[in-house]
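In what follows, a structure is listed as structure tokens, so that the remarks can point back to it.
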Amino acid sequence: MSDIYTGIDLGTNSIKVVVCEKINDKYHVLASSSEASNGIKNGYITDTKLAVNSVSKAIKQVNEMLGIKINKVIACVPSVDCKMSIVHGSTNIIDYNEVTSLDISNVITDALKDYDFTNEELVTAMPINFIVDENENVHDPKGMKGSILETRVVISTMPKEPLYRILEVLKLSGVEAVDITFNSFGDYYTIKNNKYDEEVGAIINLGEESTNVSIFNKGIQIKNSLIPFGSRNVDKDLTYVFKSKMSESRKLKENFAVAFSSMADSNDTWLIKLDKDNTKEVNQVGVSKVVEARVKELLKLAKNEIKNLTNREIRYIIITGGLSELAGFSYLVEQEFGFVAKVCNINVMGIRHNMYSSCYGAIKYFNDKLDLRGKHYNMVSNEDEDRLSSVTSSVTTNENVISKVFGHFFTD
């Protein structure tokens, strides 16, 4: 049986959906879609009807690509108002003194049992380490011998009401959230490697309305902060300077501007529509200087926020989000942060754009969690899997077709 997963990211600007199949520890994108988002702002559902319509369109796109109906997803939720705490758990090892996946589920359940979830909902539960008798700092204790299993777990929670509204929108769109995770976790798992799993680093996601800054220590998120400025502020600046409509400013930013104005061509021009009867010609240098000024400010704010969040030495900084795709963006990153920082580069056929970093990484996070708990989960039926095999085998060159769990699998 294959492992086929679907991740969805409900962003302010767009709804992103990625369907992946895991084969021999590699993830292959079967389908992806990006649909304009309405009824969502700063991670909150502001209009359920509009949000359902947007999600339904994004899901419909991947359904048509694959020839099956996607009805289960891993949902990325914003880190707005998230809280992080460390809890401890302990359990007796029950199966011949050898740790099993059931013992791991039991010890994580024990760690959560005394936490007050009256006003909050659990989103993620990430074990920092396990202890088997005298053996400390164990990453995966399955198969080890001992009598007592202990763990320290970082749990992340968010207020119930906004989370339930997201889940309601998904349900009304015809899909069930079998798991949820924060966007920042998805971003980390997109770039995760053995080196980063041993270091302290930061991930900056330049979103539409805000910029999310997360601190990770050995693969565990320990701090998070939201800066109320993002890509939309670039559009507003262009609108103010060139007197264009916001929709025209967005086109200008995405299709014409470069983030590093020294790379701009003064002879390259773009015609913007001011109103029904009037247009205006602008050159790339002038447009790019406006964009560069705002991007520099966003990076500076993010840099200061990293300093506010931690005094630890930061060994890596990864920057993602749609704005990071601007030409010349990496030069500004190097100027502000030096060589410790890099722009995320998703080199995966079908999703070669940083807007997909959260939902693609959410799939990898989900699978990693399953592996730790010794569980298997496939998001499509055997019948749909057979249909999918016939579709993907005939179009392998096409990049576009290649009860709630709440972050823990404690029961079968």
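Chains: A, B, ... in order of the structure tokens. Residues: from 1 per chain. Ligands: from 1, in order shown.
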Per DSSP on the backbone, filter range 101-273 of chain A down to the residues in strand (DSSP E or B) and report them as a compact mmCIF listing (two decimals) with C-alpha atoms, in the first residue's frame.
# COMPACT_ATOMS: atom_id res chain seq x y z
CA GLU A 120 -7.24 26.01 24.18
CA GLU A 121 -6.91 23.20 21.68
CA LEU A 122 -3.82 21.09 21.17
CA VAL A 123 -2.22 21.57 17.77
CA THR A 124 1.14 19.80 18.09
CA ALA A 125 2.88 17.61 20.65
CA MET A 126 6.58 17.29 19.82
CA PRO A 127 8.71 15.02 22.04
CA ILE A 128 12.00 16.71 22.94
CA ASN A 129 13.52 13.43 24.03
CA PHE A 130 12.76 10.10 25.70
CA ILE A 131 14.37 8.42 28.70
CA VAL A 132 14.46 4.63 29.01
CA ASN A 135 19.35 6.03 28.93
CA GLU A 136 18.71 9.72 28.30
CA ASN A 137 18.28 11.89 25.19
CA VAL A 138 16.79 9.08 23.12
CA LYS A 145 14.88 -2.58 26.77
CA ILE A 148 10.19 2.94 32.71
CA LEU A 149 9.70 5.24 29.70
CA GLU A 150 9.74 9.01 30.29
CA THR A 151 9.50 11.98 27.94
CA ARG A 152 9.57 15.76 27.73
CA VAL A 153 7.14 17.19 25.20
CA VAL A 154 6.71 20.67 23.75
CA ILE A 155 3.00 21.21 23.22
CA SER A 156 1.61 24.00 21.07
CA THR A 157 -1.93 25.23 21.52
CA MET A 158 -4.20 27.88 20.07
CA PRO A 159 -7.62 29.30 21.04
CA GLU A 176 -11.90 16.27 6.78
CA ALA A 177 -8.82 17.44 8.67
CA VAL A 178 -7.25 14.22 9.94
CA ASP A 179 -4.42 16.25 11.49
CA ILE A 180 -3.40 19.87 11.96
CA THR A 181 -0.12 21.67 12.39
CA PHE A 182 1.17 25.21 12.46
CA VAL A 200 19.36 26.55 16.85
CA GLY A 201 17.93 28.46 13.93
CA ALA A 202 15.13 30.69 12.72
CA ILE A 203 12.54 30.52 9.96
CA ILE A 204 11.00 33.68 8.55
CA ASN A 205 7.84 33.38 6.48
CA LEU A 206 6.90 36.58 4.65
CA THR A 211 5.58 37.99 8.81
CA ASN A 212 6.01 34.94 11.01
CA VAL A 213 9.30 34.44 12.87
CA SER A 214 9.94 31.05 14.50
CA ILE A 215 12.88 29.80 16.55
CA PHE A 216 13.76 26.10 16.39
CA ASN A 217 16.11 24.25 18.72
CA ILE A 220 11.68 21.66 18.06
CA GLN A 221 9.91 25.01 17.81
CA ILE A 222 10.51 26.93 21.04
CA LYS A 223 9.44 30.50 20.21
CA ASN A 224 7.18 32.21 17.71
CA SER A 225 6.22 35.78 16.91
CA LEU A 226 4.04 37.53 14.35
CA ILE A 227 4.98 40.90 12.83
CA THR A 269 8.87 49.58 -18.81
CA TRP A 270 5.42 48.46 -17.77
CA LEU A 271 2.04 50.02 -18.53
CA ILE A 272 -0.23 50.23 -15.50
CA LYS A 273 -3.95 50.93 -15.65
(message) Just want the 8 Å neighbourhood of range 237-249 of chain A, counted on only C-alpha atoms, with same-chain residues fewer than 6 positions away dropped. Output as a list in words.
(response) Ile272, Lys273, Leu274, Val287, Val290, Val291 and Arg294 of chain A
With N, CA and C atoms retained, export the selected residues as a compact mmCIF listing (two decimals), in the first residue's frame.
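Result file is out_13.txt:
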# COMPACT_ATOMS: atom_id res chain seq x y z
N ILE A 272 0.76 50.52 -16.54
CA ILE A 272 -0.23 50.23 -15.50
C ILE A 272 -1.53 50.98 -15.79
N LYS A 273 -2.62 50.35 -15.42
CA LYS A 273 -3.95 50.93 -15.65
C LYS A 273 -4.36 51.70 -14.40
N LEU A 274 -4.57 53.01 -14.57
CA LEU A 274 -4.96 53.87 -13.45
C LEU A 274 -6.46 53.84 -13.23
N VAL A 287 10.14 51.23 -9.96
CA VAL A 287 9.29 50.26 -9.27
C VAL A 287 10.09 49.45 -8.27
N VAL A 290 11.02 51.09 -4.91
CA VAL A 290 9.90 51.09 -3.95
C VAL A 290 9.81 49.72 -3.26
N VAL A 291 9.88 48.66 -4.06
CA VAL A 291 9.80 47.30 -3.52
C VAL A 291 10.97 47.02 -2.59
N ARG A 294 10.74 48.50 1.02
CA ARG A 294 9.83 47.80 1.93
C ARG A 294 10.36 46.43 2.31
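Each of A:Glu168, A:Asp277, A:Asp133, A:Asp140 was checked against Ile93 in chain A using only C-alpha atoms; the smallest atom-to-atom distance is that of A:Asp133.
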Set out as a Markdown table a contact list for range 162-190 of chain A and range 349-367 of chain A with a cut-off of 7 Å, giving each residue of range 162-190 of chain A that qualifies its closest atom pair and distance in Å to one decimal, counting only C-alpha atoms, ordered by chain and rising residue number.
| residue | atom | partner | partner_atom | distance |
| --- | --- | --- | --- | --- |
| A:Thr181 | CA | A:Ala362 | CA | 6.8 |
| A:Asn183 | CA | A:Ser358 | CA | 5.0 |
| A:Ser184 | CA | A:Ser358 | CA | 6.8 |
| A:Phe185 | CA | A:Ala362 | CA | 6.8 |
| A:Gly186 | CA | A:Gly361 | CA | 3.9 |
| A:Asp187 | CA | A:Ser358 | CA | 4.7 |
| A:Tyr188 | CA | A:Gly361 | CA | 6.9 |
| A:Tyr189 | CA | A:Gly361 | CA | 4.6 |
| A:Thr190 | CA | A:Gly361 | CA | 4.3 |
Can you tell me which residues surround Ser101 in chain A at a distance of at most 8 Å, considering only C-alpha atoms, apart from same-chain residues fewer than 4 positions away, and format the answer as a PDB file with N, CA and C atoms, in the first residue's frame?
ATOM      1  N   SER A 105       2.814   6.127  22.694  1.00  0.00           N
ATOM      2  CA  SER A 105       1.508   6.796  22.780  1.00  0.00           C
ATOM      3  C   SER A 105       1.098   7.009  24.234  1.00  0.00           C
ATOM      4  N   LYS A 142      11.770   2.998  20.372  1.00  0.00           N
ATOM      5  CA  LYS A 142      11.162   1.718  20.003  1.00  0.00           C
ATOM      6  C   LYS A 142      12.223   0.614  19.940  1.00  0.00           C
ATOM      7  N   LEU A 372       7.194   7.673  14.237  1.00  0.00           N
ATOM      8  CA  LEU A 372       7.541   7.589  15.652  1.00  0.00           C
ATOM      9  C   LEU A 372       6.546   6.723  16.412  1.00  0.00           C
ATOM     10  N   ARG A 373       5.282   6.824  16.047  1.00  0.00           N
ATOM     11  CA  ARG A 373       4.244   6.066  16.752  1.00  0.00           C
ATOM     12  C   ARG A 373       3.992   4.695  16.117  1.00  0.00           C
ATOM     13  N   GLY A 374       4.790   4.358  15.114  1.00  0.00           N
ATOM     14  CA  GLY A 374       4.667   3.045  14.491  1.00  0.00           C
ATOM     15  C   GLY A 374       3.343   2.826  13.797  1.00  0.00           C
ATOM     16  N   LYS A 375       2.794   3.869  13.184  1.00  0.00           N
ATOM     17  CA  LYS A 375       1.485   3.773  12.547  1.00  0.00           C
ATOM     18  C   LYS A 375       1.569   4.034  11.057  1.00  0.00           C
TER      19      LYS A 375
END
(request) Within 9 Å of Cys20 in chain A, counting only C-alpha atoms, which residues show up once you throw out same-chain ones fewer than 6 positions away? Write them as a list in words, please. (result) Asp3, Ile4, Tyr5, Thr6, Gly7, Tyr27, His28, Val29, Leu30, Ala31, Ser32, Tyr360, Ile363 and Ile402 of chain A
Quick one: write out the picked residues with N, CA and C atoms as a tab-separated table (two decimals), in the first residue's frame?
chain	number	residue	atom	x	y	z
A	3	ASP	N	1.73	5.41	0.49
A	3	ASP	CA	1.44	6.46	1.46
A	3	ASP	C	1.13	7.73	0.68
A	4	ILE	N	-0.13	8.09	0.60
A	4	ILE	CA	-0.56	9.26	-0.15
A	4	ILE	C	-1.19	10.25	0.81
A	5	TYR	N	-0.65	11.47	0.82
A	5	TYR	CA	-1.09	12.48	1.77
A	5	TYR	C	-1.44	13.78	1.04
A	6	THR	N	-2.34	14.56	1.65
A	6	THR	CA	-2.71	15.87	1.11
A	6	THR	C	-2.54	16.93	2.19
A	7	GLY	N	-1.82	17.98	1.86
A	7	GLY	CA	-1.67	19.11	2.77
A	7	GLY	C	-2.40	20.31	2.21
A	27	TYR	N	9.39	11.96	-1.45
A	27	TYR	CA	8.05	12.48	-1.65
A	27	TYR	C	7.89	12.96	-3.10
A	28	HIS	N	6.88	12.42	-3.76
A	28	HIS	CA	6.61	12.77	-5.15
A	28	HIS	C	5.27	13.50	-5.22
A	29	VAL	N	5.29	14.69	-5.80
A	29	VAL	CA	4.07	15.49	-5.90
A	29	VAL	C	3.19	14.94	-7.01
A	30	LEU	N	1.97	14.55	-6.66
A	30	LEU	CA	1.01	14.04	-7.64
A	30	LEU	C	0.16	15.17	-8.22
A	31	ALA	N	-0.11	16.17	-7.40
A	31	ALA	CA	-0.91	17.31	-7.86
A	31	ALA	C	-0.72	18.47	-6.90
A	32	SER	N	-0.89	19.68	-7.41
A	32	SER	CA	-0.84	20.87	-6.56
A	32	SER	C	-1.75	21.94	-7.16
A	360	TYR	N	3.54	21.58	2.01
A	360	TYR	CA	4.41	20.46	1.64
A	360	TYR	C	5.12	19.91	2.89
A	363	ILE	N	3.06	17.68	5.27
A	363	ILE	CA	2.98	16.26	4.89
A	363	ILE	C	4.16	15.49	5.47
A	402	ILE	N	2.04	14.59	-11.26
A	402	ILE	CA	3.11	13.68	-10.85
A	402	ILE	C	2.58	13.18	-9.39
(request) List every residue of range 116-335 of chain A that DSSP, applied to the backbone of this structure, assigns to alpha helix (DSSP H), and report them as a ChimeraX atom specification. (result) /A:160-172,183-191,231-242,246-255,284-309,329-335
With C-alpha atoms retained, write the just-selected residues as an mmCIF file, in the first residue's frame.
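Produced file selection_31.cif, reproduced below:
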data_model
loop_
_atom_site.group_PDB
_atom_site.id
_atom_site.type_symbol
_atom_site.label_atom_id
_atom_site.label_comp_id
_atom_site.auth_asym_id
_atom_site.auth_seq_id
_atom_site.Cartn_x
_atom_site.Cartn_y
_atom_site.Cartn_z
ATOM 1 C CA LYS A 160 -10.466 26.933 20.207
ATOM 2 C CA GLU A 161 -12.838 29.268 18.385
ATOM 3 C CA PRO A 162 -10.621 30.288 15.427
ATOM 4 C CA LEU A 163 -9.382 26.710 15.027
ATOM 5 C CA TYR A 164 -12.913 25.297 14.991
ATOM 6 C CA ARG A 165 -13.924 27.824 12.337
ATOM 7 C CA ILE A 166 -11.089 26.606 10.106
ATOM 8 C CA LEU A 167 -12.180 22.996 10.623
ATOM 9 C CA GLU A 168 -15.778 23.973 9.879
ATOM 10 C CA VAL A 169 -14.740 25.589 6.583
ATOM 11 C CA LEU A 170 -12.859 22.434 5.591
ATOM 12 C CA LYS A 171 -15.821 20.220 6.471
ATOM 13 C CA LEU A 172 -18.232 22.404 4.485
ATOM 14 C CA ASN A 183 2.481 26.741 9.237
ATOM 15 C CA SER A 184 5.856 27.209 10.902
ATOM 16 C CA PHE A 185 6.184 23.446 11.507
ATOM 17 C CA GLY A 186 5.492 22.866 7.833
ATOM 18 C CA ASP A 187 8.130 25.417 6.865
ATOM 19 C CA TYR A 188 10.701 23.682 9.070
ATOM 20 C CA TYR A 189 9.984 20.205 7.747
ATOM 21 C CA THR A 190 10.367 21.476 4.182
ATOM 22 C CA ILE A 191 14.003 22.415 4.871
ATOM 23 C CA SER A 231 3.669 41.338 1.197
ATOM 24 C CA ARG A 232 0.486 43.408 1.109
ATOM 25 C CA ASN A 233 2.484 46.410 2.382
ATOM 26 C CA VAL A 234 4.582 46.275 -0.794
ATOM 27 C CA ASP A 235 1.375 46.510 -2.820
ATOM 28 C CA LYS A 236 0.213 49.472 -0.736
ATOM 29 C CA ASP A 237 3.529 51.275 -1.277
ATOM 30 C CA LEU A 238 3.303 50.809 -5.032
ATOM 31 C CA THR A 239 -0.309 51.988 -4.998
ATOM 32 C CA TYR A 240 0.645 55.113 -3.056
ATOM 33 C CA VAL A 241 3.645 56.001 -5.235
ATOM 34 C CA PHE A 242 2.183 55.248 -8.660
ATOM 35 C CA MET A 246 -4.100 47.429 -5.572
ATOM 36 C CA SER A 247 -4.740 44.746 -8.178
ATOM 37 C CA GLU A 248 -2.429 46.534 -10.635
ATOM 38 C CA SER A 249 0.203 46.997 -7.936
ATOM 39 C CA ARG A 250 0.186 43.278 -7.205
ATOM 40 C CA LYS A 251 0.760 42.486 -10.884
ATOM 41 C CA LEU A 252 3.549 45.036 -10.928
ATOM 42 C CA LYS A 253 5.225 43.401 -7.934
ATOM 43 C CA GLU A 254 4.830 39.794 -9.063
ATOM 44 C CA ASN A 255 5.562 40.178 -12.771
ATOM 45 C CA GLN A 284 11.685 48.847 -13.663
ATOM 46 C CA VAL A 285 14.216 50.840 -11.654
ATOM 47 C CA GLY A 286 11.611 53.146 -10.115
ATOM 48 C CA VAL A 287 9.285 50.263 -9.275
ATOM 49 C CA SER A 288 12.082 48.143 -7.852
ATOM 50 C CA LYS A 289 13.348 50.910 -5.565
ATOM 51 C CA VAL A 290 9.904 51.091 -3.949
ATOM 52 C CA VAL A 291 9.798 47.300 -3.521
ATOM 53 C CA GLU A 292 13.384 47.128 -2.238
ATOM 54 C CA ALA A 293 12.772 49.723 0.476
ATOM 55 C CA ARG A 294 9.826 47.802 1.929
ATOM 56 C CA VAL A 295 11.498 44.385 1.662
ATOM 57 C CA LYS A 296 14.561 45.745 3.484
ATOM 58 C CA GLU A 297 12.307 47.020 6.263
ATOM 59 C CA LEU A 298 10.559 43.640 6.590
ATOM 60 C CA LEU A 299 13.887 41.822 6.832
ATOM 61 C CA LYS A 300 15.165 44.308 9.403
ATOM 62 C CA LEU A 301 12.030 43.852 11.529
ATOM 63 C CA ALA A 302 12.412 40.074 11.330
ATOM 64 C CA LYS A 303 16.083 40.320 12.331
ATOM 65 C CA ASN A 304 15.198 42.397 15.384
ATOM 66 C CA GLU A 305 12.435 39.950 16.290
ATOM 67 C CA ILE A 306 14.890 37.043 16.273
ATOM 68 C CA LYS A 307 17.021 38.956 18.789
ATOM 69 C CA ASN A 308 13.941 39.599 20.938
ATOM 70 C CA LEU A 309 12.954 35.929 20.912
ATOM 71 C CA PHE A 329 15.704 38.749 -3.120
ATOM 72 C CA SER A 330 18.705 36.669 -2.005
ATOM 73 C CA TYR A 331 21.014 39.687 -2.376
ATOM 74 C CA LEU A 332 18.970 41.663 0.160
ATOM 75 C CA VAL A 333 18.995 38.668 2.508
ATOM 76 C CA GLU A 334 22.778 38.473 2.323
ATOM 77 C CA GLN A 335 23.095 42.205 2.970
#
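Remark: for Gly143 in chain A, the closest of the candidate residues A:Val99, A:Ile346, A:Val19, A:Ile108 is A:Val99 (distances computed over only C-alpha atoms).
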